[in-house]
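Text of final26.pdb, listed as PDB, C-alpha atoms, pLDDT in the B column:
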ATOM      1  CA  MET A   8       8.113 -13.982  51.388  1.00 92.00           C
ATOM      2  CA  PHE A   9       8.727 -17.595  50.410  1.00 95.00           C
ATOM      3  CA  GLU A  10       5.026 -18.240  49.930  1.00 95.00           C
ATOM      4  CA  ALA A  11       4.706 -14.985  47.957  1.00 96.00           C
ATOM      5  CA  SER A  12       7.421 -16.269  45.624  1.00 95.00           C
ATOM      6  CA  VAL A  13       5.547 -19.546  45.121  1.00 95.00           C
ATOM      7  CA  VAL A  14       2.246 -17.798  44.385  1.00 95.00           C
ATOM      8  CA  THR A  15       3.917 -15.341  41.989  1.00 94.00           C
ATOM      9  CA  TYR A  16       5.707 -18.167  40.197  1.00 94.00           C
ATOM     10  CA  ASP A  17       2.434 -20.077  39.893  1.00 94.00           C
ATOM     11  CA  SER A  18       0.895 -16.971  38.274  1.00 93.00           C
ATOM     12  CA  PHE A  19       3.868 -16.797  35.895  1.00 92.00           C
ATOM     13  CA  GLN A  20       3.407 -20.472  34.967  1.00 91.00           C
ATOM     14  CA  SER A  21      -0.318 -20.111  34.361  1.00 90.00           C
ATOM     15  CA  TYR A  22      -0.021 -16.872  32.371  1.00 87.00           C
ATOM     16  CA  SER A  23      -0.244 -18.111  28.811  1.00 81.00           C
ATOM     17  CA  SER A  24      -0.906 -15.018  26.712  1.00 76.00           C
ATOM     18  CA  GLN A  25       2.152 -13.820  24.787  1.00 77.00           C
ATOM     19  CA  GLN A  26       0.335 -11.914  22.058  1.00 85.00           C
ATOM     20  CA  THR A  27       1.305  -8.337  22.869  1.00 91.00           C
ATOM     21  CA  ASP A  28       4.299  -6.537  24.301  1.00 92.00           C
ATOM     22  CA  LYS A  29       2.255  -5.889  27.441  1.00 91.00           C
ATOM     23  CA  ASP A  30       1.659  -9.645  27.773  1.00 90.00           C
ATOM     24  CA  ARG A  31       5.392 -10.322  27.504  1.00 88.00           C
ATOM     25  CA  GLN A  32       6.174  -7.597  30.028  1.00 89.00           C
ATOM     26  CA  ARG A  33       3.637  -9.064  32.450  1.00 90.00           C
ATOM     27  CA  SER A  34       5.149 -12.526  32.068  1.00 89.00           C
ATOM     28  CA  VAL A  35       8.702 -11.265  32.622  1.00 86.00           C
ATOM     29  CA  GLY A  36       7.507  -9.162  35.560  1.00 88.00           C
ATOM     30  CA  LEU A  37       5.913 -12.182  37.214  1.00 91.00           C
ATOM     31  CA  MET A  38       9.104 -14.215  36.799  1.00 88.00           C
ATOM     32  CA  LYS A  39      11.282 -11.393  38.154  1.00 88.00           C
ATOM     33  CA  GLY A  40       8.834 -10.841  41.008  1.00 91.00           C
ATOM     34  CA  ALA A  41       8.946 -14.521  41.954  1.00 93.00           C
ATOM     35  CA  MET A  42      12.742 -14.455  42.004  1.00 92.00           C
ATOM     36  CA  LEU A  43      12.833 -11.231  44.032  1.00 92.00           C
ATOM     37  CA  PHE A  44      10.420 -12.622  46.633  1.00 95.00           C
ATOM     38  CA  LEU A  45      12.451 -15.827  46.787  1.00 96.00           C
ATOM     39  CA  ALA A  46      15.699 -13.889  47.271  1.00 95.00           C
ATOM     40  CA  LEU A  47      14.141 -11.701  49.975  1.00 95.00           C
ATOM     41  CA  ALA A  48      12.838 -14.779  51.786  1.00 96.00           C
ATOM     42  CA  VAL A  49      16.341 -16.235  51.896  1.00 96.00           C
ATOM     43  CA  GLU A  50      17.846 -12.882  52.906  1.00 94.00           C
ATOM     44  CA  ASN A  51      15.346 -12.450  55.758  1.00 91.00           C
ATOM     45  CA  ALA A  52      16.049 -15.966  57.039  1.00 93.00           C
ATOM     46  CA  LEU A  53      19.834 -15.482  56.847  1.00 93.00           C
ATOM     47  CA  LYS A  54      19.677 -12.166  58.665  1.00 88.00           C
ATOM     48  CA  GLY A  55      17.241 -13.511  61.249  1.00 85.00           C
ATOM     49  CA  ALA A  56      19.559 -16.420  61.971  1.00 88.00           C
ATOM     50  CA  TYR A  57      22.579 -14.139  62.175  1.00 86.00           C
ATOM     51  CA  VAL A  58      20.857 -11.770  64.609  1.00 83.00           C
ATOM     52  CA  HIS A  59      20.087 -14.828  66.739  1.00 83.00           C
ATOM     53  CA  ILE A  60      23.799 -15.559  67.226  1.00 83.00           C
ATOM     54  CA  GLU A  61      25.304 -12.073  66.884  1.00 83.00           C
ATOM     55  CA  LYS A  62      23.359  -9.160  68.332  1.00 83.00           C
ATOM     56  CA  PRO A  63      23.640  -6.190  65.939  1.00 84.00           C
ATOM     57  CA  GLU A  64      24.928  -2.749  66.782  1.00 82.00           C
ATOM     58  CA  VAL A  65      22.098  -0.220  66.934  1.00 85.00           C
ATOM     59  CA  LYS A  66      22.772   3.502  66.442  1.00 84.00           C
ATOM     60  CA  ASN A  67      20.050   6.122  66.514  1.00 88.00           C
ATOM     61  CA  GLY A  68      17.419   3.402  66.559  1.00 88.00           C
ATOM     62  CA  LYS A  69      18.752   1.730  63.400  1.00 87.00           C
ATOM     63  CA  VAL A  70      20.704  -1.496  62.896  1.00 82.00           C
ATOM     64  CA  ASN A  71      24.114  -0.970  61.310  1.00 78.00           C
ATOM     65  CA  SER A  72      23.781  -2.584  57.855  1.00 74.00           C
ATOM     66  CA  LYS A  73      27.482  -3.528  57.870  1.00 75.00           C
ATOM     67  CA  HIS A  74      26.605  -5.945  60.672  1.00 71.00           C
ATOM     68  CA  PHE A  75      25.354  -8.368  58.048  1.00 75.00           C
ATOM     69  CA  HIS A  76      27.583  -7.820  55.024  1.00 71.00           C
ATOM     70  CA  LYS A  77      30.202  -5.567  53.467  1.00 75.00           C
ATOM     71  CA  HIS A  78      28.140  -5.006  50.324  1.00 70.00           C
ATOM     72  CA  SER A  79      24.395  -4.522  50.327  1.00 76.00           C
ATOM     73  CA  HIS A  80      22.356  -7.710  50.009  1.00 84.00           C
ATOM     74  CA  ASP A  81      25.376 -10.032  49.710  1.00 89.00           C
ATOM     75  CA  LEU A  82      23.690 -13.244  50.781  1.00 93.00           C
ATOM     76  CA  LYS A  83      26.789 -15.397  50.513  1.00 92.00           C
ATOM     77  CA  ASP A  84      28.609 -13.062  52.898  1.00 91.00           C
ATOM     78  CA  VAL A  85      25.865 -13.428  55.521  1.00 90.00           C
ATOM     79  CA  ALA A  86      25.752 -17.207  55.022  1.00 93.00           C
ATOM     80  CA  MET A  87      29.539 -17.460  55.494  1.00 91.00           C
ATOM     81  CA  LYS A  88      29.217 -15.684  58.858  1.00 89.00           C
ATOM     82  CA  LEU A  89      26.802 -18.403  59.939  1.00 90.00           C
ATOM     83  CA  ASP A  90      29.369 -21.143  59.284  1.00 87.00           C
ATOM     84  CA  LEU A  91      26.929 -22.996  57.068  1.00 90.00           C
ATOM     85  CA  ASN A  92      28.265 -25.945  55.122  1.00 88.00           C
ATOM     86  CA  LEU A  93      27.893 -24.309  51.709  1.00 93.00           C
ATOM     87  CA  THR A  94      28.563 -26.304  48.575  1.00 95.00           C
ATOM     88  CA  ASP A  95      29.923 -24.506  45.522  1.00 96.00           C
ATOM     89  CA  ASP A  96      26.474 -24.818  43.927  1.00 95.00           C
ATOM     90  CA  LEU A  97      24.820 -23.211  46.946  1.00 95.00           C
ATOM     91  CA  LYS A  98      27.357 -20.360  46.878  1.00 94.00           C
ATOM     92  CA  LEU A  99      26.548 -19.728  43.209  1.00 92.00           C
ATOM     93  CA  TYR A 100      22.851 -19.869  44.064  1.00 95.00           C
ATOM     94  CA  LEU A 101      23.272 -17.235  46.802  1.00 95.00           C
ATOM     95  CA  ASP A 102      25.280 -15.048  44.401  1.00 91.00           C
ATOM     96  CA  ARG A 103      22.460 -15.317  41.852  1.00 90.00           C
ATOM     97  CA  LEU A 104      19.823 -14.433  44.450  1.00 93.00           C
ATOM     98  CA  SER A 105      21.959 -11.460  45.520  1.00 91.00           C
ATOM     99  CA  MET A 106      21.916 -10.189  41.934  1.00 88.00           C
ATOM    100  CA  PHE A 107      18.138 -10.220  41.952  1.00 85.00           C
ATOM    101  CA  ILE A 108      17.910  -8.208  45.145  1.00 87.00           C
ATOM    102  CA  GLN A 109      20.635  -5.769  44.133  1.00 82.00           C
ATOM    103  CA  TRP A 110      19.547  -4.963  40.581  1.00 79.00           C
ATOM    104  CA  ALA A 111      18.107  -7.688  38.344  1.00 69.00           C
ATOM    105  CA  SER A 112      14.528  -7.454  39.567  1.00 68.00           C
ATOM    106  CA  ARG A 113      14.497  -3.687  38.972  1.00 71.00           C
ATOM    107  CA  TYR A 114      16.626  -2.996  35.906  1.00 73.00           C
ATOM    108  CA  LYS A 115      17.129  -4.663  32.545  1.00 73.00           C
ATOM    109  CA  ALA A 116      20.891  -4.414  32.979  1.00 75.00           C
ATOM    110  CA  PRO A 117      23.220  -3.773  35.906  1.00 77.00           C
ATOM    111  CA  LEU A 118      24.620  -0.334  36.515  1.00 77.00           C
ATOM    112  CA  ARG A 119      28.197  -1.577  36.968  1.00 78.00           C
ATOM    113  CA  GLU A 120      30.241  -3.359  34.302  1.00 86.00           C
ATOM    114  CA  ILE A 121      31.535  -5.970  36.765  1.00 82.00           C
ATOM    115  CA  ASP A 122      27.940  -6.925  37.624  1.00 78.00           C
ATOM    116  CA  TYR A 123      27.187  -7.291  33.912  1.00 78.00           C
ATOM    117  CA  ILE A 124      30.144  -9.614  33.404  1.00 84.00           C
ATOM    118  CA  GLN A 125      29.317 -11.743  36.461  1.00 81.00           C
ATOM    119  CA  SER A 126      25.626 -11.993  35.576  1.00 79.00           C
ATOM    120  CA  ARG A 127      25.969 -13.462  32.079  1.00 80.00           C
ATOM    121  CA  GLY A 128      23.707 -16.487  31.899  1.00 76.00           C
ATOM    122  CA  GLN A 129      22.789 -16.217  35.585  1.00 77.00           C
ATOM    123  CA  ILE A 130      19.634 -14.098  35.518  1.00 78.00           C
ATOM    124  CA  ARG A 131      17.053 -16.810  35.386  1.00 81.00           C
ATOM    125  CA  LEU A 132      14.849 -18.711  37.729  1.00 84.00           C
ATOM    126  CA  LYS A 133      15.557 -22.433  37.889  1.00 89.00           C
ATOM    127  CA  HIS A 134      12.413 -24.293  38.811  1.00 90.00           C
ATOM    128  CA  PRO A 135      12.037 -26.326  40.972  1.00 94.00           C
ATOM    129  CA  SER A 136      15.619 -26.309  42.314  1.00 95.00           C
ATOM    130  CA  ASP A 137      15.636 -22.615  43.290  1.00 96.00           C
ATOM    131  CA  PHE A 138      12.561 -23.123  45.452  1.00 97.00           C
ATOM    132  CA  GLU A 139      13.890 -26.366  46.931  1.00 97.00           C
ATOM    133  CA  ASN A 140      17.227 -24.719  47.792  1.00 97.00           C
ATOM    134  CA  ALA A 141      15.442 -21.811  49.463  1.00 97.00           C
ATOM    135  CA  LYS A 142      13.100 -24.052  51.432  1.00 97.00           C
ATOM    136  CA  ASN A 143      15.930 -26.309  52.624  1.00 96.00           C
ATOM    137  CA  LEU A 144      18.141 -23.374  53.607  1.00 96.00           C
ATOM    138  CA  ILE A 145      15.305 -21.615  55.437  1.00 95.00           C
ATOM    139  CA  ASN A 146      14.489 -24.846  57.331  1.00 94.00           C
ATOM    140  CA  VAL A 147      18.122 -25.238  58.451  1.00 93.00           C
ATOM    141  CA  LEU A 148      18.262 -21.609  59.573  1.00 93.00           C
ATOM    142  CA  GLN A 149      14.990 -21.926  61.462  1.00 90.00           C
ATOM    143  CA  GLN A 150      16.219 -25.036  63.289  1.00 87.00           C
ATOM    144  CA  GLN A 151      19.485 -23.342  64.260  1.00 86.00           C
ATOM    145  CA  SER A 152      17.777 -20.178  65.454  1.00 85.00           C
ATOM    146  CA  GLY A 153      14.999 -21.342  67.709  1.00 79.00           C
ATOM    147  CA  TYR A 154      12.179 -20.782  65.217  1.00 83.00           C
ATOM    148  CA  VAL A 155       8.926 -22.309  66.437  1.00 83.00           C
ATOM    149  CA  GLU A 156       5.996 -22.942  64.117  1.00 85.00           C
ATOM    150  CA  GLY A 157       3.067 -20.859  65.320  1.00 85.00           C
ATOM    151  CA  ARG A 158       5.296 -18.405  67.221  1.00 83.00           C
ATOM    152  CA  GLY A 159       7.922 -17.603  64.587  1.00 78.00           C
ATOM    153  CA  TRP A 160      11.440 -16.322  65.139  1.00 70.00           C
ATOM    154  CA  PRO A 161      12.575 -15.680  68.714  1.00 71.00           C
ATOM    155  CA  PHE A 162      12.651 -12.058  69.852  1.00 65.00           C
ATOM    156  CA  GLU A 163      15.910 -12.329  71.758  1.00 60.00           C
ATOM    157  CA  SER A 164      19.298 -13.599  70.710  1.00 49.00           C
TER     158      SER A 164
END
Go ahead and express the file in the form of structure tokens.
Amino acid sequence: MFEASVVTYDSFQSYSSQQTDKDRQRSVGLMKGAMLFLALAVENALKGAYVHIEKPEVKNGKVNSKHFHKHSHDLKDVAMKLDLNLTDDLKLYLDRLSMFIQWASRYKAPLREIDYIQSRGQIRLKHPSDFENAKNLINVLQQQSGYVEGRGWPFES
């Protein structure tokens, strides 16, 4: 997912036409797609690392989603369970990525008023820092979880 976010962002950067509404929609879609892929990459790494240390409960062949977080796609909640040394900036970053997974990549506005209030000025991709933060966080999680280049994430926790 991380590489998909990079490729999508590169397409956004190289897309220069802004002549029609369709052009503007395509440009916004590429930016939102890049942020969604980036957020999913971080979410997958966080959850993979958490499964490595805390085997999830499985019922009827499905992992209990509450194993990871109280609220769907709350990346900061998962990161806190991993005892990562999170700076305030990194916490805000994870909150912003969570917004993209939860609603911002799909809707023009959140469905809940509290999400609208919390999102003011936050729904944007910050290049290159967003990508650097994701890459650094994913590298730390891989190191802590037994990830091996060429083999990937371990199958057992």
Any chance you could tabulate, as CSV, the residues of range 85-131 of chain A at most 10 Å from range 141-148 of chain A with each one's nearest atom pair and distance in Å to one decimal, using all atoms listed in the file, in chain and rising number order?
residue,atom,partner,partner_atom,distance
A:Ala86,CA,A:Leu148,CA,9.8
A:Leu89,CA,A:Leu148,CA,9.1
A:Leu91,CA,A:Leu148,CA,9.1
A:Leu93,CA,A:Leu144,CA,10.0
A:Leu97,CA,A:Leu144,CA,9.4
A:Tyr100,CA,A:Ala141,CA,9.4
A:Leu101,CA,A:Ala141,CA,9.5
A:Leu104,CA,A:Ala141,CA,9.9
message: Since I can't run it myself right now, could you work out what the PyMOL selection byres ((chain A and resi 33) around 12) selects here and report it as a ChimeraX atom specification?
response: /A:15,18-32,34-40
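Taking CA of Leu45 in chain A and CA of Asp137 in chain A as endpoints, the distance between them is 8.3 Å.
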Report, in Å with one decimal, the straight-line distance from CA of Glu50 in chain A to CA of Arg103 in chain A.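 Those two atoms sit 12.2 Å apart.
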Across A:Val65, A:Ile108, A:Ala56, A:Ile124, the smallest distance to Met87 in chain A, with only C-alpha atoms counted, is shown by A:Ala56
Residues returned when the PyMOL selection byres ((chain A and resi 152) around 12) runs on this file, as a VMD selection string = chain A and resid 52 to 61 89 145 to 151 153 to 155 159 to 164
Between CA of Arg119 in chain A and CA of Asp96 in chain A, what is the distance, to one decimal in Å?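 One can read the CA of Arg119 in chain A to CA of Asp96 in chain A distance as 24.3 Å.
Shortest separation to Asn51 in chain A among A:Arg131, A:His80, A:Lys73, A:Lys66 occurs at residue A:His80, atoms counted being all atoms listed in the file.
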- Message: Just checking: using all atoms listed in the file, which residue out of A:Ser79, A:Asn92, A:Gln109, A:Gln129 ends up closest to Ala46 in chain A?
- Response: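 For Ala46 in chain A, the nearest of the candidates is A:Gln109.
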